[in-house]
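Engineer: My file is query-v1.tsv. It has TSV, C-alpha atoms (C1' of nucleotides):
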```
chain	number	residue	atom	x	y	z
A	1	MET	CA	-141.57	144.70	-5.62
A	2	ARG	CA	-142.61	141.10	-5.89
A	3	MET	CA	-142.57	139.17	-2.64
A	4	MET	CA	-141.95	135.46	-2.49
A	5	SER	CA	-145.00	133.85	-1.00
A	6	GLU	CA	-144.45	131.60	1.94
A	7	ASN	CA	-144.98	128.32	0.14
A	8	GLU	CA	-142.61	129.13	-2.71
A	9	GLN	CA	-139.81	128.81	-0.22
A	10	ILE	CA	-137.14	126.29	-1.14
A	11	LEU	CA	-136.41	123.47	1.27
A	12	THR	CA	-133.01	121.84	1.47
A	13	THR	CA	-133.66	119.43	4.33
A	14	PRO	CA	-134.98	115.94	3.64
A	15	ILE	CA	-138.42	114.95	4.78
A	16	SER	CA	-138.08	112.85	7.89
A	17	GLU	CA	-139.67	110.06	9.84
A	18	ASN	CA	-140.75	112.78	12.32
A	19	GLU	CA	-143.03	114.34	9.78
A	20	ILE	CA	-144.30	111.05	8.39
A	21	PRO	CA	-144.05	107.85	10.39
A	22	GLN	CA	-143.27	104.77	8.28
A	23	LEU	CA	-141.45	106.89	5.71
A	24	GLU	CA	-138.75	104.27	5.26
A	25	ASN	CA	-141.30	101.55	4.84
A	26	ILE	CA	-143.21	103.48	2.23
A	27	GLU	CA	-140.00	103.57	0.26
A	28	LEU	CA	-139.13	99.93	0.86
A	29	LEU	CA	-142.51	98.80	-0.33
A	30	PHE	CA	-142.15	100.87	-3.47
A	31	PHE	CA	-138.80	99.33	-4.35
A	32	ALA	CA	-139.87	95.84	-3.36
A	33	TYR	CA	-142.87	95.94	-5.63
A	34	ARG	CA	-140.97	97.58	-8.47
A	35	ASP	CA	-138.48	94.74	-8.51
A	36	PHE	CA	-141.11	92.09	-7.86
A	37	VAL	CA	-143.05	92.97	-11.01
A	38	SER	CA	-140.01	93.67	-13.13
A	39	ASP	CA	-139.14	89.97	-13.12
A	40	PRO	CA	-142.00	88.74	-15.29
A	41	ASP	CA	-142.02	91.88	-17.42
A	42	LYS	CA	-139.20	90.58	-19.57
A	43	GLN	CA	-140.89	87.26	-20.25
A	44	LEU	CA	-144.13	89.03	-21.06
A	45	ALA	CA	-142.54	91.51	-23.42
A	46	HIS	CA	-141.50	89.07	-26.16
A	47	ARG	CA	-145.00	87.62	-26.24
A	48	ASN	CA	-146.45	91.10	-26.66
A	49	PHE	CA	-148.24	90.76	-23.36
A	50	GLY	CA	-148.21	93.19	-20.44
A	51	ARG	CA	-148.86	93.11	-16.74
A	52	ALA	CA	-152.57	93.11	-17.27
A	53	HIS	CA	-152.30	89.80	-19.13
A	54	HIS	CA	-150.26	88.41	-16.29
A	55	ARG	CA	-152.87	89.31	-13.70
A	56	VAL	CA	-155.76	87.90	-15.69
A	57	LEU	CA	-153.86	84.71	-16.35
A	58	TYR	CA	-153.00	84.44	-12.70
A	59	PHE	CA	-156.53	84.69	-11.38
A	60	VAL	CA	-158.03	82.40	-13.98
A	61	ASN	CA	-155.45	79.80	-13.06
A	62	ARG	CA	-156.14	80.39	-9.40
A	63	SER	CA	-159.89	79.95	-9.77
A	64	PRO	CA	-160.77	78.09	-12.95
A	65	GLY	CA	-164.42	78.58	-13.86
A	66	MET	CA	-164.67	82.12	-12.57
A	67	THR	CA	-166.92	84.52	-14.46
A	68	VAL	CA	-166.01	87.76	-16.16
A	69	ALA	CA	-167.85	89.74	-13.47
A	70	GLU	CA	-165.90	88.05	-10.69
A	71	LEU	CA	-162.66	88.83	-12.45
A	72	LEU	CA	-163.65	92.48	-12.82
A	73	ASP	CA	-164.35	92.73	-9.10
A	74	LEU	CA	-161.02	91.20	-8.26
A	75	LEU	CA	-158.92	93.34	-10.57
A	76	ARG	CA	-160.96	96.50	-9.97
A	77	ILE	CA	-160.76	97.60	-13.55
A	78	THR	CA	-163.45	98.31	-16.11
A	79	LYS	CA	-165.03	95.85	-18.51
A	80	GLN	CA	-163.41	97.64	-21.40
A	81	SER	CA	-159.93	97.32	-19.94
A	82	LEU	CA	-160.40	93.66	-19.21
A	83	GLY	CA	-162.01	93.01	-22.59
A	84	ARG	CA	-158.90	93.74	-24.58
A	85	VAL	CA	-156.48	91.59	-22.66
A	86	LEU	CA	-158.94	88.76	-22.19
A	87	LYS	CA	-159.60	88.68	-25.92
A	88	GLN	CA	-155.89	88.43	-26.64
A	89	LEU	CA	-155.38	85.67	-24.11
A	90	ILE	CA	-158.26	83.73	-25.65
A	91	GLU	CA	-156.96	84.22	-29.17
A	92	ALA	CA	-153.50	83.09	-28.11
A	93	GLY	CA	-155.04	79.95	-26.63
A	94	HIS	CA	-154.15	80.55	-23.00
A	95	ILE	CA	-157.71	80.87	-21.77
A	96	VAL	CA	-161.04	79.47	-22.97
A	97	GLN	CA	-164.58	80.58	-22.26
A	98	ASN	CA	-167.40	78.13	-21.60
A	99	GLU	CA	-171.06	78.95	-21.35
A	100	GLY	CA	-172.36	78.50	-17.81
A	101	LYS	CA	-174.54	75.41	-17.37
A	102	SER	CA	-177.06	76.85	-14.94
A	103	ASP	CA	-176.89	80.39	-16.29
A	104	ARG	CA	-176.07	80.55	-19.97
A	105	ARG	CA	-175.39	84.30	-19.87
A	106	LYS	CA	-172.25	83.66	-17.92
A	107	ARG	CA	-168.90	82.95	-19.51
A	108	LEU	CA	-166.82	80.71	-17.33
A	109	LEU	CA	-163.10	81.21	-17.75
A	110	TYR	CA	-160.67	78.30	-17.75
A	111	PRO	CA	-156.97	78.08	-18.39
A	112	THR	CA	-155.64	75.75	-21.06
A	113	GLN	CA	-152.51	73.72	-20.49
A	114	LYS	CA	-150.71	76.38	-22.46
A	115	GLY	CA	-152.05	79.04	-20.11
A	116	ARG	CA	-151.02	76.97	-17.12
A	117	ASP	CA	-147.54	76.59	-18.49
A	118	LEU	CA	-147.24	80.32	-19.01
A	119	ILE	CA	-148.38	81.31	-15.54
A	120	LEU	CA	-145.92	78.83	-14.06
A	121	GLU	CA	-143.13	80.38	-16.06
A	122	LEU	CA	-144.13	83.93	-15.09
A	123	SER	CA	-144.52	83.08	-11.43
A	124	GLN	CA	-141.19	81.35	-11.13
A	125	PRO	CA	-139.00	84.42	-10.54
A	126	GLN	CA	-141.53	85.96	-8.19
A	127	SER	CA	-141.71	82.74	-6.25
A	128	GLU	CA	-137.95	82.60	-6.01
A	129	ARG	CA	-137.69	86.22	-4.93
A	130	LEU	CA	-140.19	85.66	-2.14
A	131	SER	CA	-138.45	82.47	-1.06
A	132	ARG	CA	-135.12	84.24	-0.86
A	133	ALA	CA	-136.64	87.09	1.13
A	134	LEU	CA	-138.13	84.67	3.66
A	135	GLU	CA	-135.13	82.37	3.77
A	136	GLY	CA	-133.74	81.68	7.22
A	137	MET	CA	-136.84	82.85	9.03
A	138	ASP	CA	-138.60	80.41	11.32
A	139	MET	CA	-142.29	79.63	10.97
A	140	ASP	CA	-143.30	82.25	13.50
A	141	GLU	CA	-141.36	84.96	11.77
A	142	LYS	CA	-142.71	83.99	8.38
A	143	SER	CA	-146.25	84.07	9.65
A	144	LYS	CA	-145.66	87.58	10.98
A	145	VAL	CA	-144.68	88.69	7.51
A	146	VAL	CA	-147.77	87.06	6.05
A	147	GLU	CA	-149.88	88.71	8.73
A	148	PHE	CA	-148.38	92.05	7.80
A	149	LEU	CA	-149.25	91.58	4.14
A	150	LYS	CA	-152.80	90.55	4.98
A	151	ARG	CA	-153.27	93.59	7.18
A	152	MET	CA	-152.10	95.85	4.40
A	153	ILE	CA	-155.11	94.81	2.34
A	154	GLY	CA	-158.51	96.44	2.46
A	155	ASN	CA	-160.39	99.60	3.30
B	1	MET	CA	-160.42	64.71	-38.20
B	2	ARG	CA	-158.92	67.51	-36.14
B	3	MET	CA	-157.25	66.42	-32.96
B	4	MET	CA	-157.04	68.69	-29.95
B	5	SER	CA	-153.39	69.35	-29.29
B	6	GLU	CA	-152.14	68.60	-25.86
B	7	ASN	CA	-151.81	72.16	-24.68
B	8	GLU	CA	-155.31	73.18	-25.78
B	9	GLN	CA	-156.61	70.98	-23.00
B	10	ILE	CA	-158.86	72.74	-20.52
B	11	LEU	CA	-157.90	72.66	-16.87
B	12	THR	CA	-160.47	72.86	-14.12
B	13	THR	CA	-158.20	72.51	-11.10
B	14	PRO	CA	-156.65	75.57	-9.48
B	15	ILE	CA	-152.95	76.13	-9.60
B	16	SER	CA	-151.46	75.17	-6.26
B	17	GLU	CA	-148.59	75.85	-3.87
B	18	ASN	CA	-147.19	72.53	-5.05
B	19	GLU	CA	-146.60	73.87	-8.50
B	20	ILE	CA	-145.44	77.31	-7.36
B	21	PRO	CA	-144.18	77.87	-3.84
B	22	GLN	CA	-145.17	81.25	-2.38
B	23	LEU	CA	-148.29	81.36	-4.51
B	24	GLU	CA	-150.35	82.85	-1.70
B	25	ASN	CA	-147.73	85.46	-1.01
B	26	ILE	CA	-147.57	86.50	-4.64
B	27	GLU	CA	-151.26	87.21	-4.38
B	28	LEU	CA	-151.03	88.98	-1.03
B	29	LEU	CA	-148.33	91.28	-2.28
B	30	PHE	CA	-150.40	92.14	-5.32
B	31	PHE	CA	-153.44	93.12	-3.24
B	32	ALA	CA	-151.35	94.88	-0.60
B	33	TYR	CA	-149.69	97.08	-3.15
B	34	ARG	CA	-152.88	97.72	-5.06
B	35	ASP	CA	-154.56	99.09	-1.96
B	36	PHE	CA	-151.43	100.87	-0.79
B	37	VAL	CA	-151.22	103.00	-3.92
B	38	SER	CA	-154.95	103.49	-4.25
B	39	ASP	CA	-154.95	105.69	-1.13
B	40	PRO	CA	-153.15	108.70	-2.62
B	41	ASP	CA	-154.72	108.24	-6.05
B	42	LYS	CA	-157.85	110.10	-5.03
B	43	GLN	CA	-155.94	113.10	-3.71
B	44	LEU	CA	-153.80	113.18	-6.85
B	45	ALA	CA	-156.73	113.01	-9.21
B	46	HIS	CA	-158.29	116.38	-8.44
B	47	ARG	CA	-154.94	118.09	-8.94
B	48	ASN	CA	-154.59	116.40	-12.31
B	49	PHE	CA	-151.56	114.54	-11.09
B	50	GLY	CA	-150.86	110.83	-11.30
B	51	ARG	CA	-148.70	108.27	-9.56
B	52	ALA	CA	-145.64	109.40	-11.46
B	53	HIS	CA	-145.96	112.86	-9.93
B	54	HIS	CA	-146.25	111.28	-6.51
B	55	ARG	CA	-143.04	109.32	-6.93
B	56	VAL	CA	-141.04	112.25	-8.24
B	57	LEU	CA	-142.31	114.46	-5.43
B	58	TYR	CA	-141.46	111.78	-2.92
B	59	PHE	CA	-137.84	111.35	-3.94
B	60	VAL	CA	-137.14	115.05	-4.33
B	61	ASN	CA	-138.45	115.57	-0.81
B	62	ARG	CA	-136.42	112.65	0.40
B	63	SER	CA	-133.18	113.93	-1.13
B	64	PRO	CA	-133.36	117.64	-1.84
B	65	GLY	CA	-130.67	118.70	-4.30
B	66	MET	CA	-130.67	115.49	-6.30
B	67	THR	CA	-130.02	115.71	-10.02
B	68	VAL	CA	-132.25	114.65	-12.87
B	69	ALA	CA	-129.93	111.76	-13.67
B	70	GLU	CA	-130.07	110.45	-10.12
B	71	LEU	CA	-133.83	110.61	-10.20
B	72	LEU	CA	-133.91	108.68	-13.46
B	73	ASP	CA	-131.77	105.93	-11.95
B	74	LEU	CA	-133.99	105.68	-8.94
B	75	LEU	CA	-137.28	105.55	-10.80
B	76	ARG	CA	-135.93	103.43	-13.65
B	77	ILE	CA	-137.84	105.29	-16.28
B	78	THR	CA	-136.70	107.21	-19.32
B	79	LYS	CA	-135.80	110.87	-19.54
B	80	GLN	CA	-138.80	111.46	-21.70
B	81	SER	CA	-141.20	109.95	-19.17
B	82	LEU	CA	-139.73	111.95	-16.34
B	83	GLY	CA	-139.59	115.16	-18.35
B	84	ARG	CA	-143.31	115.61	-18.56
B	85	VAL	CA	-144.21	115.08	-14.94
B	86	LEU	CA	-141.24	117.07	-13.70
B	87	LYS	CA	-142.23	119.97	-15.89
B	88	GLN	CA	-145.75	119.95	-14.49
B	89	LEU	CA	-144.52	119.80	-10.92
B	90	ILE	CA	-142.23	122.76	-11.56
B	91	GLU	CA	-144.98	124.75	-13.24
B	92	ALA	CA	-147.31	124.04	-10.35
B	93	GLY	CA	-144.66	125.30	-7.96
B	94	HIS	CA	-144.02	122.06	-6.06
B	95	ILE	CA	-140.44	121.67	-7.20
B	96	VAL	CA	-137.71	124.10	-8.29
B	97	GLN	CA	-134.55	123.53	-10.30
B	98	ASN	CA	-131.27	125.21	-9.40
B	99	GLU	CA	-128.16	125.20	-11.51
B	100	GLY	CA	-125.38	123.19	-9.87
B	101	LYS	CA	-122.66	125.38	-8.34
B	102	SER	CA	-119.71	123.14	-9.15
B	103	ASP	CA	-121.17	121.76	-12.39
B	104	ARG	CA	-123.51	124.13	-14.11
B	105	ARG	CA	-124.85	121.48	-16.47
B	106	LYS	CA	-126.63	119.87	-13.58
B	107	ARG	CA	-130.09	120.85	-12.47
B	108	LEU	CA	-130.52	120.30	-8.76
B	109	LEU	CA	-134.07	119.55	-7.70
B	110	TYR	CA	-135.57	120.97	-4.51
B	111	PRO	CA	-139.05	120.87	-3.07
B	112	THR	CA	-140.85	124.09	-2.21
B	113	GLN	CA	-142.90	124.39	0.94
B	114	LYS	CA	-145.91	123.75	-1.27
B	115	GLY	CA	-144.29	120.53	-2.51
B	116	ARG	CA	-143.46	119.50	1.03
B	117	ASP	CA	-147.04	120.08	2.10
B	118	LEU	CA	-148.33	117.97	-0.77
B	119	ILE	CA	-146.06	115.01	-0.14
B	120	LEU	CA	-147.05	115.03	3.51
B	121	GLU	CA	-150.68	114.96	2.53
B	122	LEU	CA	-150.15	112.14	0.03
B	123	SER	CA	-148.09	110.07	2.42
B	124	GLN	CA	-150.54	110.30	5.27
B	125	PRO	CA	-152.85	107.44	4.29
B	126	GLN	CA	-149.93	105.21	3.32
B	127	SER	CA	-148.27	105.92	6.63
B	128	GLU	CA	-151.46	105.08	8.47
B	129	ARG	CA	-151.97	101.89	6.52
B	130	LEU	CA	-148.46	100.71	7.34
B	131	SER	CA	-148.87	101.66	10.99
B	132	ARG	CA	-152.09	99.69	11.23
B	133	ALA	CA	-150.48	96.69	9.55
B	134	LEU	CA	-147.60	96.70	12.04
B	135	GLU	CA	-149.73	97.52	15.05
B	136	GLY	CA	-149.33	95.18	17.98
B	137	MET	CA	-146.06	93.70	16.77
B	138	ASP	CA	-143.04	93.99	19.03
B	139	MET	CA	-139.79	95.51	17.82
B	140	ASP	CA	-138.36	92.16	16.82
B	141	GLU	CA	-141.34	91.24	14.76
B	142	LYS	CA	-141.42	94.63	13.07
B	143	SER	CA	-137.77	94.37	12.18
B	144	LYS	CA	-138.42	90.99	10.58
B	145	VAL	CA	-140.99	92.59	8.33
B	146	VAL	CA	-138.56	95.35	7.42
B	147	GLU	CA	-135.90	92.77	6.74
B	148	PHE	CA	-138.30	90.94	4.46
B	149	LEU	CA	-139.00	94.10	2.48
B	150	LYS	CA	-135.32	94.88	2.16
B	151	ARG	CA	-134.57	91.39	0.90
B	152	MET	CA	-137.27	91.72	-1.72
B	153	ILE	CA	-135.28	94.50	-3.34
B	154	GLY	CA	-132.56	94.06	-5.89
B	155	ASN	CA	-131.19	91.73	-8.55
C	1	DA	C1'	-110.14	121.68	-30.17
C	2	DA	C1'	-112.46	117.39	-29.55
C	3	DA	C1'	-114.97	114.25	-26.80
C	4	DA	C1'	-117.93	113.26	-23.14
C	5	DT	C1'	-121.65	114.51	-20.02
C	6	DA	C1'	-126.19	116.51	-18.32
C	7	DT	C1'	-130.18	118.02	-19.74
C	8	DG	C1'	-134.14	119.14	-22.74
C	9	DT	C1'	-137.15	118.31	-26.54
C	10	DC	C1'	-139.24	116.25	-30.75
C	11	DA	C1'	-141.96	112.60	-33.07
C	12	DA	C1'	-143.96	108.30	-33.00
C	13	DT	C1'	-145.74	104.32	-30.58
C	14	DA	C1'	-147.67	100.94	-26.96
C	15	DC	C1'	-150.14	99.53	-22.89
C	16	DT	C1'	-153.46	100.12	-19.62
C	17	DG	C1'	-156.66	102.53	-17.57
C	18	DC	C1'	-161.15	105.56	-17.94
C	19	DT	C1'	-166.35	107.08	-19.40
C	20	DG	C1'	-170.55	106.59	-21.71
C	21	DA	C1'	-173.37	104.50	-24.96
C	22	DC	C1'	-175.45	100.77	-27.00
C	23	DA	C1'	-176.43	95.73	-28.42
C	24	DT	C1'	-177.52	90.88	-27.45
C	25	DA	C1'	-178.79	86.92	-24.95
C	26	DT	C1'	-180.65	85.18	-20.95
C	27	DT	C1'	-182.85	85.04	-16.51
C	28	DT	C1'	-185.86	86.93	-13.08
C	29	DT	C1'	-189.73	89.51	-11.74
C	30	DT	C1'	-194.19	91.20	-12.31
D	1	DA	C1'	-196.35	86.64	-21.59
D	2	DA	C1'	-194.33	91.04	-21.01
D	3	DA	C1'	-191.17	93.87	-18.57
D	4	DA	C1'	-187.13	94.48	-15.94
D	5	DA	C1'	-182.76	93.11	-14.52
D	6	DT	C1'	-178.39	90.81	-15.35
D	7	DA	C1'	-174.03	89.20	-17.82
D	8	DT	C1'	-171.41	90.05	-21.37
D	9	DG	C1'	-169.44	92.27	-25.48
D	10	DT	C1'	-168.26	96.14	-28.28
D	11	DC	C1'	-167.88	100.88	-30.04
D	12	DA	C1'	-165.68	105.52	-29.98
D	13	DG	C1'	-162.89	108.60	-27.70
D	14	DC	C1'	-159.70	110.12	-24.14
D	15	DA	C1'	-155.78	110.25	-20.51
D	16	DG	C1'	-151.55	108.90	-18.13
D	17	DT	C1'	-147.39	106.75	-18.31
D	18	DA	C1'	-144.14	104.19	-20.36
D	19	DT	C1'	-141.00	103.19	-24.58
D	20	DT	C1'	-137.21	104.25	-28.53
D	21	DG	C1'	-134.43	107.05	-31.34
D	22	DA	C1'	-132.90	111.35	-32.94
D	23	DC	C1'	-131.22	115.75	-32.29
D	24	DA	C1'	-129.94	120.34	-29.84
D	25	DT	C1'	-127.60	123.07	-26.26
D	26	DA	C1'	-124.56	124.12	-22.59
D	27	DT	C1'	-120.83	122.76	-19.97
D	28	DT	C1'	-116.97	120.08	-18.45
D	29	DT	C1'	-113.28	116.93	-19.25
D	30	DT	C1'	-109.68	115.16	-22.06
```
What's the structure tokens form of this structure?
Structural biologist:
Amino acid sequence: MRMMSENEQILTTPISENEIPQLENIELLFFAYRDFVSDPDKQLAHRNFGRAHHRVLYFVNRSPGMTVAELLDLLRITKQSLGRVLKQLIEAGHIVQNEGKSDRRKRLLYPTQKGRDLILELSQPQSERLSRALEGMDMDEKSKVVEFLKRMIGN
Amino acid sequence: MRMMSENEQILTTPISENEIPQLENIELLFFAYRDFVSDPDKQLAHRNFGRAHHRVLYFVNRSPGMTVAELLDLLRITKQSLGRVLKQLIEAGHIVQNEGKSDRRKRLLYPTQKGRDLILELSQPQSERLSRALEGMDMDEKSKVVEFLKRMIGN
DNA sequence: AAAATATGTCAATACTGCTGACATATTTTT
DNA sequence: AAAAATATGTCAGCAGTATTGACATATTTT
């Protein structure tokens, strides 16, 4: 006769905050981010771009003149993964590459006006969502939220 | 002679908070979430599971007895996408499906003890990261952060 | 009996990530 | 000057997760 092993047992009770502290917050962060990135997804779709394009465009606009290697470090993806989206952004005229002056191996990345326009458009709904979420908080409270986000980063 | 059109112009100045309010926070949220999900990725990898498995496992543990349709709504993915990961989780013995009593078309999803153990293991580093990020804040400050996350959700 | 619902599955496709290998140009080190 | 290291680009192949649309089955509702 086959016995049911202990860990095949079926559980009908929900996992609780007792078993995992911060359970609610894990969930909130999941939903918050899901909705946060869904905003620009629609705008990206009808340009045949994806989230990867968005991120590249963002960082090049944030730090014009950055190199490919710096971008790789920031995004924590491989050269191959970056290569494809970067190529498409260059072909579409959103980003240009200039040879480095001091080191001609380097390819410095700059946004065009077209690329700047696009990142502004993509960032708009995210900006608005964040503004709404922080609305009504005083400076102290806002800075606590920012502190929280900063402390979530790293390791 | 070919003229450079206006939006091919190269920009060397960074995008600023003036152009997009909340620019810094957009970035912080990106990094925070990137690191938040990277924690469980390593544990998932050597079981040949991915983030999708993690999310399914999470919600089934959170609400044992939920149906496939409810899970689809929550995750906002297609039946096809869910089908694969759910199948693997069932085969691996982390989740079981029971026929609904009142409506036998429905397949109610329950975690096994094995599934409960896994979600606890996966949630551990995320729980710790959140605890560290909230450490030292008083109850009021913590609730402001939670309020912020809640307000980020929706629309 | 017909229509609607819940689920499962098929085929085809896209995006984003990975590894490993190799090529080129350039700079740094020896 | 030659050798080694660096920055970038590209190739082939693979994996995970998402999509759409079509169709099948069982069950419940109308």
Engineer: For range 9-26 of chain D, list every protein, DNA or RNA residue within 10 Å, evaluated using all atoms listed in the file, and leave out those in the same chain fewer than 6 positions away; present the list as JSON, numbers by chain.
Structural biologist: {"A": [79, 80, 83], "B": [48, 49, 50, 51, 52, 77, 78, 80, 81, 82, 84, 85, 104, 105], "C": [6, 7, 8, 9, 10, 11, 12, 13, 14, 15, 16, 17, 18, 19, 20, 21, 22, 23, 24]}
Engineer: May I ask you to extract the residues of chain B within 6 Å of chain A, using all atoms listed in the file, and to give them as a PDB file with C-alpha atoms, in the frame of the given file?
Structural biologist:
```pdb
ATOM      1  CA  ASN B   7    -151.810  72.160 -24.680  1.00  0.00           C
ATOM      2  CA  GLU B   8    -155.310  73.180 -25.780  1.00  0.00           C
ATOM      3  CA  GLN B   9    -156.610  70.980 -23.000  1.00  0.00           C
ATOM      4  CA  ILE B  10    -158.860  72.740 -20.520  1.00  0.00           C
ATOM      5  CA  LEU B  11    -157.900  72.660 -16.870  1.00  0.00           C
ATOM      6  CA  THR B  12    -160.470  72.860 -14.120  1.00  0.00           C
ATOM      7  CA  PRO B  14    -156.650  75.570  -9.480  1.00  0.00           C
ATOM      8  CA  ILE B  15    -152.950  76.130  -9.600  1.00  0.00           C
ATOM      9  CA  PRO B  21    -144.180  77.870  -3.840  1.00  0.00           C
ATOM     10  CA  GLN B  22    -145.170  81.250  -2.380  1.00  0.00           C
ATOM     11  CA  ALA B  32    -151.350  94.880  -0.600  1.00  0.00           C
ATOM     12  CA  ASN B  61    -138.450 115.570  -0.810  1.00  0.00           C
ATOM     13  CA  ARG B  62    -136.420 112.650   0.400  1.00  0.00           C
ATOM     14  CA  SER B  63    -133.180 113.930  -1.130  1.00  0.00           C
ATOM     15  CA  PRO B  64    -133.360 117.640  -1.840  1.00  0.00           C
ATOM     16  CA  PRO B 111    -139.050 120.870  -3.070  1.00  0.00           C
ATOM     17  CA  THR B 112    -140.850 124.090  -2.210  1.00  0.00           C
ATOM     18  CA  GLN B 113    -142.900 124.390   0.940  1.00  0.00           C
ATOM     19  CA  LYS B 114    -145.910 123.750  -1.270  1.00  0.00           C
ATOM     20  CA  SER B 127    -148.270 105.920   6.630  1.00  0.00           C
ATOM     21  CA  ALA B 133    -150.480  96.690   9.550  1.00  0.00           C
ATOM     22  CA  VAL B 145    -140.990  92.590   8.330  1.00  0.00           C
ATOM     23  CA  PHE B 148    -138.300  90.940   4.460  1.00  0.00           C
ATOM     24  CA  ARG B 151    -134.570  91.390   0.900  1.00  0.00           C
ATOM     25  CA  MET B 152    -137.270  91.720  -1.720  1.00  0.00           C
ATOM     26  CA  ILE B 153    -135.280  94.500  -3.340  1.00  0.00           C
TER      27      ILE B 153
END
```
Engineer: I need the residue nearest Gln88 in chain A from this list: A:Asp41, A:His54, A:Ala69, A:Asp103. Use all atoms listed in the file for the distance.
Structural biologist: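 Among the listed residues, A:His54 lies closest to Gln88 in chain A.
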Engineer: Which distance in Å separates C1' of DT29 in chain D and CA of Lys106 in chain B, to one decimal?
Structural biologist: 14.8 Å
Engineer: Just need the box for range 2-21 of chain C, edges along x, y and z, holding every atom the file lists for it with 8 Å tacked onto each side, so centre and edge lengths in Å to one decimal, as JSON.
Structural biologist:
```
{"center_x": -142.9, "center_y": 109.3, "center_z": -25.3, "size_x": 76.9, "size_y": 35.6, "size_z": 31.5}
```
Engineer: Interatomic distance between CA of Ala92 in chain A and CA of Leu118 in chain A?
Structural biologist: 11.4 Å
Engineer: Distance C1' of DT29 in chain C-CA of Asp73 in chain A, one decimal place?
Structural biologist: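 These two atoms are separated by 25.7 Å.
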Engineer: Find, counting all atoms listed in the file, the residue in B:His53, B:Gly136, B:Glu17, B:Lys87 that gets nearest to chain D.
Structural biologist: B:His53
Engineer: Could you check the closest approach to chain C for each of A:Leu71, A:Ser102, A:Pro125, A:Leu108 and tell me which residue wins, using all atoms listed in the file?
Structural biologist: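 Among the listed residues, the smallest separation from chain C belongs to A:Ser102.
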